[in-house]
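Working notes, structure below.
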Amino acid sequence: MNTEIFGVMLMILLTVLLAIPLGSYIGKVYSGDRTWLDPVFAPLDRLFCKAGGINPDKEMNWKQHLLALLTINFIWFIFSMLLLMNMGWLPLNPDANPSMSADLAFNTSISFISNTNLQHYSGESGVSYLGQLVLMLFQFISAAAGMAACAVVFKAMKEKHAGKLGNFYNYFIKSCTRILLPISIVVAIILVFNGTPMTFKGKDRFISLQGDTVQVSRGPAAAMIAIKQVGTNGGGYFGANSAHPLENPNYFTNIVEDVCILLIPIAMIFALGYILKRKKFAWMIFAVMMVGFLLLLIPAVYYEMKGNPGIGKMGITQPLGSMEGKEVRFGSAASAYWGISTTVTSNGSVNAMHDSFTPLTGMFAMLGMMINSFFGGVGVGFLNFYIFIIIAVFISGLMVGRTPEFLGKKIEAKEMKIAAIIALLHPFLILAGTAIAAHLYAGNPTAYASWLNNPGNHGFSEMLYEFTSSSANNGSGFEGLGDNTAFWNISCGIVMLLARFLPIIGPVAIAGSLAAKKYVPETVGTLQTDTSTFGIMVFAVILIIAALSFFPALSLGPIAEYFSLYRS
Amino acid sequence: MKQYILPAIRITFFCFIFFCGAYSLLILGIAQIAPDKGEGQTLAVNNKIIGYALEGQSFTKDKYFNGRPSAAGYNAAGSSGSNKGPSNPEYLKDVQNRIDSFLVHNPNVKKENIASDLVTASGSGLDPDISIEAAIVQVGRIAKARNIGVEKIRSLIDTHAERPFLGIEKVNVLKLNIALDQLK
């Protein structure tokens with residue numbers, strides 16, 4: 001039991017120790033500084049630019065960046081729809097899996113271009129090998145698009161007066177080749193040598209020891225699993241995601257995969273410190289995020305290790321903790337750790353079924369997604385946090401009666417309006433979506449009986465979780481929800497779409513507009529943003545917005561379930 | 001707009017070639033030197049493949065160590081968990097039934113000694129392992145069904161138990177049962 005907790009602490013430590021040097025590396029990549037991998041990647045980048053017909057040195061302003069980003073995403077959407085609806089007859093389909101219906105393809109396409117990886121299909125039977133490979137492609141490029149948007153904001157924060165914010169394609173290609181690719185190759189190799197399949201052969205068949213005929217799904221899994229962990233994608237190869245023994249074979253691979261969930265999101269913070277040459281500012285952000293993360297993590301681990309009181313009442317001792325939906329090789333502590341790390345980042349892969357978590361663990365997983373900026377997705381996590389920084393600067397400015405300034409730029413009505421809209425969009429999408437679903441269900445429980453796998457408060461949590469996950473671009477689920485229906489496919493598709501692109505557009509617009517403003521030199525009266533006081537201020541802003549928005553909904557779901565389960 | 005659409009299409013196409021092609025083939029190539037060539041490690045008895053080492057299979061007979069309950073029925077082509085919530089009354093009834101049925105098959109076991117992983121469904125439905133307690137608690141039944149001494153089976157568990165430095169102490173059910181079949 002103690003080695004379980006030790007394992008969790010080791011993972012945290014390992015992640016941070018790896019993220020610090022990776023952060024300076026990422027900072028160098030985006031600044032165009034020299035790195036030791038240049039001899040390998042400089043020619044590769046040139047090849048990408050040549051193939052794309054791009055001049056990587058052409059400077060863009062923030063509007064041009066957004067146009068480039070939105071256009072390429074639109075192309076991806078069309079490509080994905082065409083492929084998913086036709087993969088049944090296309091090559092690389094040894095198991096003869098069918099093409100997707102239009103609404104499922106719509107949901108899946110948006111899900112993968114928005115870096116969400118919500119999966120309303122099951123990997124073994126719902127996609128061909130070609131489909132899996134193309135979804136893997138989106139795992140690379142959607143992550144890189146988010147990172148490129150983040151790089152634009154970094155650059156804008158650095159510039160004293162500028163319409164020159166670098167080249168979008170340059171950031172995008174470098175994110176793919178120099179950051180995501182090398183880490184993915186290392187992880188894929190580790191997985192292959194631990195037993196994860198990487199083959200284009202179809203299903204295998206054998207007769208088991210007891211005499212049953214068994215079919216075994218395989219495929220080019222290792223390549224995809226690596227990037228889905230690294231790029232905060234989370235879309236698994238197999239239906240059970242990283243709970244599947246081929247997708248996550250042992251305790252060691254579990255450590256590797258889980259470290260990868262948090263690695264780039266944390267490294268991006270240190271990259272910011274490198275680019276701005278403000279290490280203390282980066283550590284302030286890291287501290288706020290880490291404290292938030294630990295506050296969600298510790299109770300989650302505690303409750304999972306304690307077991308399910310409903311089973312305890314039957315006279316069963318639970319030294320392993322609550323084991324429903326969990327795998328013996330990971331145990332309850334490592335499963336709870338994964339549950340929180342996958343939800344605070346927008347990863348969404350799972351190594352245990354979140355639907356079967358004890359109520360408060362489920363709630364902390366949801367809270368991680370509702371806040372969505374304790375590390376957050378690659379690139380976009382910082383963009384969410386940036387909004388909270390702007391709000392905190394503004395409120396602090398009001399408190400002392402000065403015009404709010406951030407990094408030498410005045411924050412005025414325009415920036416604040418954008419920040420407020422983006423901050424409120426996320427709760428709006430989650431709560432409105434859940435309200436509509438709950439209204440439909442309550443109006444006709446028999447017609448929608450296939451939606452919910454569990455009755456009462458937990459059933460409500462299943463719907464709340466689905467919209468939270470969609471809006472956080474997370475992709476995990478309370479998978480008991482019968483979600484492959486037109487309603488869920490379309491509504492979640494729309495939510496994912498809005499929740500992906502508006503929170504990218506907002507921060508880029510703010511940063512671009514701030515960069516264009518006149519630089520105000522720092523004086524003694526300037527609000528210091530790299531102090532612990534300001535860190536506490538940001539934390540308070542996050543907490544107040546999250547608590548006010550979500551407490552009522554959470555009390556109908558997990559909190560009510562908690563009291564019903566632990567009463568008496 | 002043309003200045004954005006053309007590069008977007010060209011980059012997307014090249015990324016497709018590079019990631020779906022070159023990257024996948026690189027990993028596929030490296031997999032060829034992995035122990036099982038990236039096709040999944042199989043276990044064989046008398047040169048006949050009887051299973052995958054990493055994937056659990058259904059054992060319901062009294063003479064075998066039983067694995068964990070599976071919401072997927074150990075279908076290795078359709079993994080899934082039960083997704084039952086912890087407070088679901090129907091689910092708790094299922095667990096109670098599993099306990100009752102375990103006690104029927106293992107009449108000498110006391111209820112508090114039943115390991116909880118034996119009455120809860122795994123995440124993938126393909127969990128290859130059980131905890132060591134879960135194996136030990138089945139020894140009496142298996143000894144009786146096979147007419148072998150309890151000690152022999154216990155030492156079999158000992159030799160197959162995995163006690164890693166980090167993580168959970170456990171035993172692979174399929175490997176254990178193969179060894180059990182070879183006991184004289």
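By convention in this document, the chains of the structure tokens carry letters A, B, ... by their order, each chain's residues are numbered from 1, and ligands are numbered from 1 in the order they are shown.
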What's around Ser122 (chain B) at 7 Å? Count only C-alpha atoms, leave out sequence neighbours fewer than 4 positions away in its own chain, and write the answer as a CSV table (one decimal) with all heavy atoms, in the first residue's frame.
```
chain,number,residue,atom,x,y,z
A,324,GLU,N,-13.5,-1.7,-8.6
A,324,GLU,CA,-14.4,-1.8,-9.8
A,324,GLU,C,-13.8,-0.9,-10.9
A,324,GLU,O,-13.5,0.3,-10.6
A,324,GLU,CB,-15.8,-1.4,-9.4
A,324,GLU,CG,-16.8,-1.4,-10.5
A,324,GLU,CD,-17.2,-2.9,-10.9
A,324,GLU,OE1,-17.1,-3.8,-10.1
A,324,GLU,OE2,-17.5,-3.1,-12.1
A,325,GLY,N,-13.7,-1.4,-12.1
A,325,GLY,CA,-13.2,-0.6,-13.2
A,325,GLY,C,-11.7,-0.4,-13.2
A,325,GLY,O,-11.2,0.4,-13.9
A,326,LYS,N,-11.0,-1.0,-12.3
A,326,LYS,CA,-9.6,-0.8,-12.2
A,326,LYS,C,-8.9,-2.1,-12.5
A,326,LYS,O,-9.4,-3.2,-12.4
A,326,LYS,CB,-9.1,-0.3,-10.8
A,326,LYS,CG,-9.7,1.0,-10.5
A,326,LYS,CD,-9.0,1.6,-9.3
A,326,LYS,CE,-9.6,2.9,-8.9
A,326,LYS,NZ,-11.0,2.8,-8.4
A,327,GLU,N,-7.6,-2.0,-12.9
A,327,GLU,CA,-6.8,-3.2,-13.2
A,327,GLU,C,-5.8,-3.5,-12.0
A,327,GLU,O,-5.3,-2.5,-11.4
A,327,GLU,CB,-5.9,-2.9,-14.4
A,327,GLU,CG,-6.8,-2.5,-15.7
A,327,GLU,CD,-7.3,-3.7,-16.4
A,327,GLU,OE1,-6.5,-4.6,-16.8
A,327,GLU,OE2,-8.6,-3.9,-16.4
B,68,ARG,N,-10.7,-12.2,-12.6
B,68,ARG,CA,-11.7,-11.3,-12.1
B,68,ARG,C,-12.9,-11.3,-13.0
B,68,ARG,O,-12.9,-11.6,-14.1
B,68,ARG,CB,-11.0,-9.9,-12.2
B,68,ARG,CG,-9.8,-9.8,-11.3
B,68,ARG,CD,-9.3,-8.4,-11.3
B,68,ARG,NE,-10.3,-7.5,-10.7
B,68,ARG,CZ,-10.2,-6.2,-10.8
B,68,ARG,NH1,-9.2,-5.6,-11.4
B,68,ARG,NH2,-11.1,-5.4,-10.2
B,69,PRO,N,-14.1,-10.8,-12.4
B,69,PRO,CA,-15.3,-10.7,-13.2
B,69,PRO,C,-15.0,-9.7,-14.4
B,69,PRO,O,-14.2,-8.8,-14.2
B,69,PRO,CB,-16.3,-10.1,-12.2
B,69,PRO,CG,-15.8,-10.4,-10.9
B,69,PRO,CD,-14.3,-10.5,-11.0
B,70,SER,N,-15.6,-10.0,-15.5
B,70,SER,CA,-15.4,-9.2,-16.7
B,70,SER,C,-16.7,-8.7,-17.3
B,70,SER,O,-17.5,-9.5,-17.6
B,70,SER,CB,-14.6,-10.0,-17.7
B,70,SER,OG,-14.6,-9.3,-19.0
B,81,GLY,N,-15.2,-1.9,-19.5
B,81,GLY,CA,-15.5,-2.1,-18.1
B,81,GLY,C,-17.0,-2.1,-17.9
B,81,GLY,O,-17.8,-1.9,-18.8
B,127,ASP,N,-8.4,-8.1,-17.6
B,127,ASP,CA,-7.3,-8.0,-16.6
B,127,ASP,C,-6.7,-9.4,-16.5
B,127,ASP,O,-7.4,-10.4,-16.2
B,127,ASP,CB,-7.9,-7.6,-15.2
B,127,ASP,CG,-6.8,-7.2,-14.3
B,127,ASP,OD1,-5.7,-7.6,-14.5
B,127,ASP,OD2,-7.1,-6.4,-13.4
```
| request: Find the spatial neighbours of Phe48 (chain A), counting only C-alpha atoms, within a cut-off of 9 Å - ignore same-chain residues fewer than 6 positions away - and output them as a ChimeraX atom specification. | output: /A:54,173 /B:11,14-15
Go ahead and write the residues just picked, N, CA, C and O atoms, as an mmCIF file, in the first residue's frame.
```
data_model
loop_
_atom_site.group_PDB
_atom_site.id
_atom_site.type_symbol
_atom_site.label_atom_id
_atom_site.label_comp_id
_atom_site.auth_asym_id
_atom_site.auth_seq_id
_atom_site.Cartn_x
_atom_site.Cartn_y
_atom_site.Cartn_z
ATOM 1 N N ILE A 54 5.973 27.032 -48.062
ATOM 2 C CA ILE A 54 5.891 28.059 -47.017
ATOM 3 C C ILE A 54 7.228 28.744 -46.851
ATOM 4 O O ILE A 54 8.276 28.095 -46.916
ATOM 5 N N ILE A 173 4.992 23.473 -37.575
ATOM 6 C CA ILE A 173 5.862 22.390 -38.047
ATOM 7 C C ILE A 173 6.882 22.026 -36.981
ATOM 8 O O ILE A 173 7.122 20.852 -36.700
ATOM 9 N N ILE B 11 0.479 21.157 -46.630
ATOM 10 C CA ILE B 11 1.081 20.680 -45.370
ATOM 11 C C ILE B 11 0.338 19.461 -44.852
ATOM 12 O O ILE B 11 0.939 18.493 -44.400
ATOM 13 N N PHE B 14 1.391 16.463 -46.719
ATOM 14 C CA PHE B 14 2.736 16.009 -46.380
ATOM 15 C C PHE B 14 2.772 15.396 -44.974
ATOM 16 O O PHE B 14 3.447 14.397 -44.736
ATOM 17 N N CYS B 15 2.026 15.977 -44.035
ATOM 18 C CA CYS B 15 1.951 15.404 -42.688
ATOM 19 C C CYS B 15 1.369 14.000 -42.749
ATOM 20 O O CYS B 15 1.799 13.097 -42.028
#
```
| request: Within 10 Å of Ser491 (chain A), counting only C-alpha atoms, which residues show up once you throw out same-chain ones fewer than 3 positions away? Write them as a PyMOL selection string, please. | output: chain A and resi 107+433+436-437+467+470+486-488+494-497
Writing out the chosen residues with C-alpha atoms as a JSON list (two decimals), in the first residue's frame:
```
[["chain", "number", "residue", "atom", "x", "y", "z"],
["A", 107, "ASN", "CA", -18.50, 14.00, -33.73],
["A", 433, "GLY", "CA", -25.68, 21.30, -22.45],
["A", 436, "ILE", "CA", -30.89, 20.39, -22.08],
["A", 437, "ALA", "CA", -29.92, 16.74, -21.72],
["A", 467, "PHE", "CA", -20.49, 17.93, -21.47],
["A", 470, "SER", "CA", -16.47, 17.96, -24.35],
["A", 486, "ALA", "CA", -27.60, 11.66, -32.85],
["A", 487, "PHE", "CA", -28.27, 13.91, -29.83],
["A", 488, "TRP", "CA", -24.96, 13.24, -28.09],
["A", 494, "ILE", "CA", -20.88, 21.59, -31.35],
["A", 495, "VAL", "CA", -19.66, 22.07, -27.79],
["A", 496, "MET", "CA", -16.20, 20.73, -28.63],
["A", 497, "LEU", "CA", -15.98, 22.99, -31.65]]
```
| What residues in chain B get the DSSP label alpha helix (DSSP H)? Please answer as a PyMOL selection string. | chain B and resi 2-15+24-31+89-105+132-136+139-146+150-160+173-182
| Two-atom distance - CA of Ser208 (chain A), CA of Ala71 (chain B) (Å) | 18.3 Å
| task | Please identify all polymer residues within 8 Å of Asn88 (chain B), counting only C-alpha atoms, omitting same-chain residues fewer than 2 positions from it, and present them as a PyMOL selection string. | result | (chain A and resi 454-455+458) or (chain B and resi 84-86+90-92)
| query | Hey, can you check how far CA of Ala149 (chain A) sits from CA of Lys277 (chain A)? | reply |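 Distance between the two atoms: 19.6 Å.
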| query | Distance CA of Phe238 (chain A)-CA of Gly78 (chain B), one decimal place? | reply |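 Between these atoms lies a distance of 8.1 Å.
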| task | Counting only C-alpha atoms, figure out which residue out of A:Thr526, A:Gln215, A:Thr317, A:Ser346 gets nearest to Val230 (chain A). | result | A:Ser346
| said: Calculated over only C-alpha atoms, which of the candidates A:Ala435, A:Met157, A:Glu561, A:Ala221 has the smallest distance to Phe406 (chain A)? | reply: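 That would be A:Met157, the residue with the smallest distance to Phe406 (chain A).
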| said: Residues within 9 Å of Met268 (chain A), please, as an NGL selection string. Count only C-alpha atoms; anything in the same chain fewer than 4 positions from it doesn't count. | reply: :A and (19 or 22-24 or 26-27 or 147 or 150 or 263-264 or 272-273 or 375 or 378-379 or 382)
When DSSP is applied to the backbone of this structure, which of chain B are assigned strand (DSSP E or B)? Write them out as a compact mmCIF listing (two decimals) with N, CA, C and O atoms, in the first residue's frame.
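Result file is part-v1.txt:
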```txt
# COMPACT_ATOMS: atom_id res chain seq x y z
N THR B 42 2.49 -14.51 -27.25
CA THR B 42 1.55 -15.62 -27.07
C THR B 42 2.14 -16.67 -26.15
O THR B 42 3.36 -16.77 -26.00
N LEU B 43 1.27 -17.47 -25.53
CA LEU B 43 1.70 -18.59 -24.71
C LEU B 43 1.23 -19.87 -25.39
O LEU B 43 0.11 -19.92 -25.91
N ALA B 44 2.08 -20.88 -25.40
CA ALA B 44 1.72 -22.12 -26.07
C ALA B 44 1.84 -23.31 -25.12
O ALA B 44 2.69 -23.31 -24.23
N VAL B 45 0.97 -24.28 -25.29
CA VAL B 45 1.08 -25.55 -24.58
C VAL B 45 1.12 -26.62 -25.66
O VAL B 45 0.25 -26.65 -26.54
N LYS B 48 0.83 -25.48 -29.19
CA LYS B 48 -0.43 -24.91 -29.64
C LYS B 48 -0.68 -23.64 -28.86
O LYS B 48 -0.61 -23.63 -27.63
N ILE B 49 -0.97 -22.55 -29.59
CA ILE B 49 -1.19 -21.28 -28.90
C ILE B 49 -2.49 -21.34 -28.12
O ILE B 49 -3.55 -21.69 -28.66
N ILE B 50 -2.40 -21.05 -26.84
CA ILE B 50 -3.62 -21.10 -26.02
C ILE B 50 -3.94 -19.74 -25.41
O ILE B 50 -4.84 -19.64 -24.57
N GLY B 51 -3.21 -18.71 -25.80
CA GLY B 51 -3.58 -17.41 -25.26
C GLY B 51 -2.49 -16.37 -25.39
O GLY B 51 -1.38 -16.67 -25.82
N TYR B 52 -2.83 -15.14 -25.04
CA TYR B 52 -1.89 -14.03 -25.02
C TYR B 52 -1.49 -13.76 -23.57
O TYR B 52 -2.35 -13.67 -22.70
N ASP B 129 -4.46 -10.35 -14.38
CA ASP B 129 -3.91 -10.64 -13.05
C ASP B 129 -4.99 -10.73 -11.98
O ASP B 129 -6.08 -10.19 -12.13
N ILE B 130 -4.61 -11.39 -10.87
CA ILE B 130 -5.34 -11.23 -9.63
C ILE B 130 -4.32 -10.98 -8.53
O ILE B 130 -3.13 -11.25 -8.71
N SER B 131 -4.78 -10.45 -7.41
CA SER B 131 -3.87 -10.24 -6.29
C SER B 131 -3.50 -11.61 -5.71
O SER B 131 -4.18 -12.61 -5.94
N GLU B 162 4.35 -12.22 -8.66
CA GLU B 162 5.23 -11.12 -9.04
C GLU B 162 5.20 -10.11 -7.91
O GLU B 162 4.15 -9.58 -7.58
N LYS B 170 1.08 -9.38 -7.44
CA LYS B 170 0.00 -10.00 -8.21
C LYS B 170 0.48 -11.28 -8.84
O LYS B 170 1.66 -11.63 -8.78
N VAL B 171 -0.45 -11.97 -9.50
CA VAL B 171 -0.08 -13.18 -10.19
C VAL B 171 -0.90 -13.28 -11.48
O VAL B 171 -2.08 -12.93 -11.50
N ASN B 172 -0.24 -13.70 -12.57
CA ASN B 172 -0.90 -13.82 -13.87
C ASN B 172 -1.71 -15.13 -13.89
O ASN B 172 -1.16 -16.23 -13.75
```
| task | Write out as a ChimeraX atom specification which residues come within 9 Å of Ser99 (chain A) when counting only C-alpha atoms, dropping same-chain ones fewer than 2 positions away. | result | /A:83-89,97,101,105,126-128
| field | Distance criterion (only C-alpha atoms): nearest to chain A out of B:Phe13, B:Gly123, B:Pro107, B:Ala72 | value | B:Gly123
| message | Using only C-alpha atoms, which protein or nucleic acid residues come within 12 Å of Asn106 (chain B)? Drop anything in the same chain fewer than 2 positions from it, and give the result as a list in words. | response |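 That gives Asp62, Lys63, Phe65, Asn66, Arg98, Ile99, Asp100, Ser101, Phe102, Leu103, Val104, Asn108, Val109, Lys110, Lys111, Asn113, Ile114, Ile136, Val137, Gln138, Val139, Gly140, Arg141, Ile142, Ala143, Lys144 and Ala145 of chain B.
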| field | Residue among A:Ala96, A:Val29, A:Val380, A:Leu14 lying closest to Ala42 (chain A), counting only C-alpha atoms | value |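 Comparing A:Ala96, A:Val29, A:Val380, A:Leu14 against Ala42 (chain A), the winner is A:Val29.
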